[in-house]
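Student: Sharing a structure, written as structure tokens. Questions coming.
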Amino acid sequence: MAEAGPWLVVGLGNPGPEHAGNRHNVGFMVADLLAERMRGKFKTHKARAQVVEGRVGPPGPGSRRVVVAKPMSFMNLSGGPVSALRDFYKVPVER
């Protein structure tokens, strides 16, 4: 059976060094950890976000294609980048 599209995991936070390590940026910290475990590096995406693509889960058919993203907008403005990523990667609503 063909995979219906990737999962989209979005870590919310506020961009910029003045916000790094702040408790409000725990979403960015989790996204960084996932990227590290996927052995991927974030790249700039035209949707105003940093993204890394990869797979998570056990090797083989049980693994899932995942896009991990960090919107480069402030948290309260993250809807635009998230929506653009969902459309670009054709992520089903349930994912």
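Within each chain, counting starts at residue 1; across the structure tokens, chains are named A, B, ... in the order shown, with ligands numbered 1 upward in that order.
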Step one, run DSSP on the backbone; step two, keep only residues of chain A assigned to strand (DSSP E); then write them as a ChimeraX atom specification.
Tutor: /A:7-10,43-45,49-56,64-71
Student: Suppose we keep N, CA, C and O atoms; can you now write the selection as a PDB file, in the first residue's frame?
Tutor:
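Final output, selection.pdb:
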```pdb
ATOM      1  N   TRP A   7       4.013  12.738   7.799  1.00  0.00           N
ATOM      2  CA  TRP A   7       3.525  13.362   9.030  1.00  0.00           C
ATOM      3  C   TRP A   7       4.244  14.701   9.138  1.00  0.00           C
ATOM      4  O   TRP A   7       5.393  14.820   8.729  1.00  0.00           O
ATOM      5  N   LEU A   8       3.565  15.698   9.673  1.00  0.00           N
ATOM      6  CA  LEU A   8       4.175  17.006   9.886  1.00  0.00           C
ATOM      7  C   LEU A   8       4.248  17.260  11.380  1.00  0.00           C
ATOM      8  O   LEU A   8       3.223  17.271  12.067  1.00  0.00           O
ATOM      9  N   VAL A   9       5.468  17.414  11.877  1.00  0.00           N
ATOM     10  CA  VAL A   9       5.695  17.703  13.291  1.00  0.00           C
ATOM     11  C   VAL A   9       6.257  19.123  13.355  1.00  0.00           C
ATOM     12  O   VAL A   9       7.303  19.401  12.779  1.00  0.00           O
ATOM     13  N   VAL A  10       5.537  20.007  14.040  1.00  0.00           N
ATOM     14  CA  VAL A  10       5.930  21.411  14.105  1.00  0.00           C
ATOM     15  C   VAL A  10       6.299  21.767  15.538  1.00  0.00           C
ATOM     16  O   VAL A  10       5.490  21.600  16.452  1.00  0.00           O
ATOM     17  N   LYS A  43      16.985  22.855   6.949  1.00  0.00           N
ATOM     18  CA  LYS A  43      17.215  23.682   5.767  1.00  0.00           C
ATOM     19  C   LYS A  43      16.102  24.714   5.693  1.00  0.00           C
ATOM     20  O   LYS A  43      14.977  24.475   6.129  1.00  0.00           O
ATOM     21  N   THR A  44      16.414  25.846   5.110  1.00  0.00           N
ATOM     22  CA  THR A  44      15.417  26.897   4.955  1.00  0.00           C
ATOM     23  C   THR A  44      14.417  26.511   3.879  1.00  0.00           C
ATOM     24  O   THR A  44      14.798  26.072   2.790  1.00  0.00           O
ATOM     25  N   HIS A  45      13.141  26.667   4.194  1.00  0.00           N
ATOM     26  CA  HIS A  45      12.055  26.364   3.262  1.00  0.00           C
ATOM     27  C   HIS A  45      11.365  27.663   2.884  1.00  0.00           C
ATOM     28  O   HIS A  45      11.302  28.592   3.695  1.00  0.00           O
ATOM     29  N   ALA A  49      10.117  28.728   7.136  1.00  0.00           N
ATOM     30  CA  ALA A  49      10.357  27.740   8.191  1.00  0.00           C
ATOM     31  C   ALA A  49      11.674  27.029   7.920  1.00  0.00           C
ATOM     32  O   ALA A  49      12.173  27.030   6.795  1.00  0.00           O
ATOM     33  N   GLN A  50      12.209  26.434   8.963  1.00  0.00           N
ATOM     34  CA  GLN A  50      13.345  25.530   8.848  1.00  0.00           C
ATOM     35  C   GLN A  50      12.756  24.122   8.869  1.00  0.00           C
ATOM     36  O   GLN A  50      11.896  23.829   9.701  1.00  0.00           O
ATOM     37  N   VAL A  51      13.163  23.260   7.939  1.00  0.00           N
ATOM     38  CA  VAL A  51      12.605  21.911   7.878  1.00  0.00           C
ATOM     39  C   VAL A  51      13.714  20.872   7.742  1.00  0.00           C
ATOM     40  O   VAL A  51      14.796  21.149   7.218  1.00  0.00           O
ATOM     41  N   VAL A  52      13.396  19.687   8.226  1.00  0.00           N
ATOM     42  CA  VAL A  52      14.233  18.518   8.006  1.00  0.00           C
ATOM     43  C   VAL A  52      13.287  17.368   7.677  1.00  0.00           C
ATOM     44  O   VAL A  52      12.228  17.232   8.287  1.00  0.00           O
ATOM     45  N   GLU A  53      13.652  16.596   6.664  1.00  0.00           N
ATOM     46  CA  GLU A  53      12.831  15.470   6.249  1.00  0.00           C
ATOM     47  C   GLU A  53      13.563  14.176   6.574  1.00  0.00           C
ATOM     48  O   GLU A  53      14.780  14.107   6.461  1.00  0.00           O
ATOM     49  N   GLY A  54      12.815  13.174   6.960  1.00  0.00           N
ATOM     50  CA  GLY A  54      13.422  11.891   7.261  1.00  0.00           C
ATOM     51  C   GLY A  54      12.382  10.868   7.637  1.00  0.00           C
ATOM     52  O   GLY A  54      11.196  11.030   7.353  1.00  0.00           O
ATOM     53  N   ARG A  55      12.849   9.827   8.288  1.00  0.00           N
ATOM     54  CA  ARG A  55      11.964   8.745   8.713  1.00  0.00           C
ATOM     55  C   ARG A  55      12.184   8.495  10.196  1.00  0.00           C
ATOM     56  O   ARG A  55      13.285   8.659  10.693  1.00  0.00           O
ATOM     57  N   VAL A  56      11.116   8.103  10.879  1.00  0.00           N
ATOM     58  CA  VAL A  56      11.201   7.739  12.289  1.00  0.00           C
ATOM     59  C   VAL A  56      10.540   6.391  12.482  1.00  0.00           C
ATOM     60  O   VAL A  56       9.680   5.992  11.707  1.00  0.00           O
ATOM     61  N   ARG A  64       7.946   5.777   9.460  1.00  0.00           N
ATOM     62  CA  ARG A  64       7.058   6.808   8.914  1.00  0.00           C
ATOM     63  C   ARG A  64       7.878   7.966   8.353  1.00  0.00           C
ATOM     64  O   ARG A  64       8.844   8.404   8.964  1.00  0.00           O
ATOM     65  N   ARG A  65       7.450   8.461   7.208  1.00  0.00           N
ATOM     66  CA  ARG A  65       8.068   9.652   6.630  1.00  0.00           C
ATOM     67  C   ARG A  65       7.576  10.858   7.423  1.00  0.00           C
ATOM     68  O   ARG A  65       6.385  11.023   7.658  1.00  0.00           O
ATOM     69  N   VAL A  66       8.526  11.701   7.849  1.00  0.00           N
ATOM     70  CA  VAL A  66       8.204  12.822   8.721  1.00  0.00           C
ATOM     71  C   VAL A  66       8.909  14.085   8.220  1.00  0.00           C
ATOM     72  O   VAL A  66      10.057  14.026   7.778  1.00  0.00           O
ATOM     73  N   VAL A  67       8.203  15.192   8.309  1.00  0.00           N
ATOM     74  CA  VAL A  67       8.787  16.507   8.088  1.00  0.00           C
ATOM     75  C   VAL A  67       8.730  17.214   9.439  1.00  0.00           C
ATOM     76  O   VAL A  67       7.655  17.382  10.012  1.00  0.00           O
ATOM     77  N   VAL A  68       9.885  17.573   9.973  1.00  0.00           N
ATOM     78  CA  VAL A  68       9.961  18.309  11.233  1.00  0.00           C
ATOM     79  C   VAL A  68      10.232  19.764  10.867  1.00  0.00           C
ATOM     80  O   VAL A  68      11.118  20.045  10.053  1.00  0.00           O
ATOM     81  N   ALA A  69       9.441  20.669  11.451  1.00  0.00           N
ATOM     82  CA  ALA A  69       9.542  22.074  11.060  1.00  0.00           C
ATOM     83  C   ALA A  69       9.616  22.997  12.269  1.00  0.00           C
ATOM     84  O   ALA A  69       9.049  22.706  13.324  1.00  0.00           O
ATOM     85  N   LYS A  70      10.324  24.099  12.051  1.00  0.00           N
ATOM     86  CA  LYS A  70      10.370  25.198  13.016  1.00  0.00           C
ATOM     87  C   LYS A  70       9.992  26.466  12.249  1.00  0.00           C
ATOM     88  O   LYS A  70      10.804  26.979  11.466  1.00  0.00           O
ATOM     89  N   PRO A  71       8.755  26.958  12.420  1.00  0.00           N
ATOM     90  CA  PRO A  71       8.380  28.197  11.742  1.00  0.00           C
ATOM     91  C   PRO A  71       9.277  29.344  12.194  1.00  0.00           C
ATOM     92  O   PRO A  71       9.550  29.486  13.383  1.00  0.00           O
TER      93      PRO A  71
END
```
Student: In Å to one decimal, how far is atom CA of Gly11 of chain A from atom CA of Ser78 of chain A?
Tutor: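 Going from atom CA of Ser78 of chain A over to atom CA of Gly11 of chain A covers 10.1 Å.
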Student: Step one, run DSSP on the backbone; step two, keep only residues of chain A assigned to helix (DSSP H, G or I); then write them as an MDAnalysis selection string.
Tutor: chainID A and resid 17:19 23:37 75:77 79:89
Student: Rank nothing, just name the residue among A:Gly40, A:Ala47, A:Pro17, A:His24 nearest to Arg86 of chain A, using only C-alpha atoms.
Tutor: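 Of the candidates, the smallest distance to Arg86 of chain A is held by A:Ala47.
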Student: Let me make sure I understand: among A:Ala20, A:Leu34, A:Val93, A:Leu77, which one has the smallest atom-to-atom distance to Gly57 of chain A if we use only C-alpha atoms?
Tutor: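 For Gly57 of chain A, the nearest of the given residues is A:Leu34.
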Student: With a distance cut-off of 10 Å and only C-alpha atoms, select the neighbouring residues of Ser73 of chain A, excluding the residue or stretch itself and same-chain residues fewer than 6 positions from it, and output the selection as a list in words.
Tutor: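 Returned residues: Leu12, Gly13, Asn14, Pro15, Gly16, Arg48, Ala49, Gly79, Gly80 and Pro81 of chain A.
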Student: Choose the residue, out of A:Met75, A:Ala4, A:Val91, A:Met38, that has the smallest atom-to-atom separation from Val26 of chain A; count only C-alpha atoms.
Tutor: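 Smallest separation from Val26 of chain A among the options: A:Met75.
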Student: Expressed in Å to a single decimal, how great is the separation between atom CA of Asp87 of chain A and atom CA of Arg23 of chain A?
Tutor: 29.3 Å
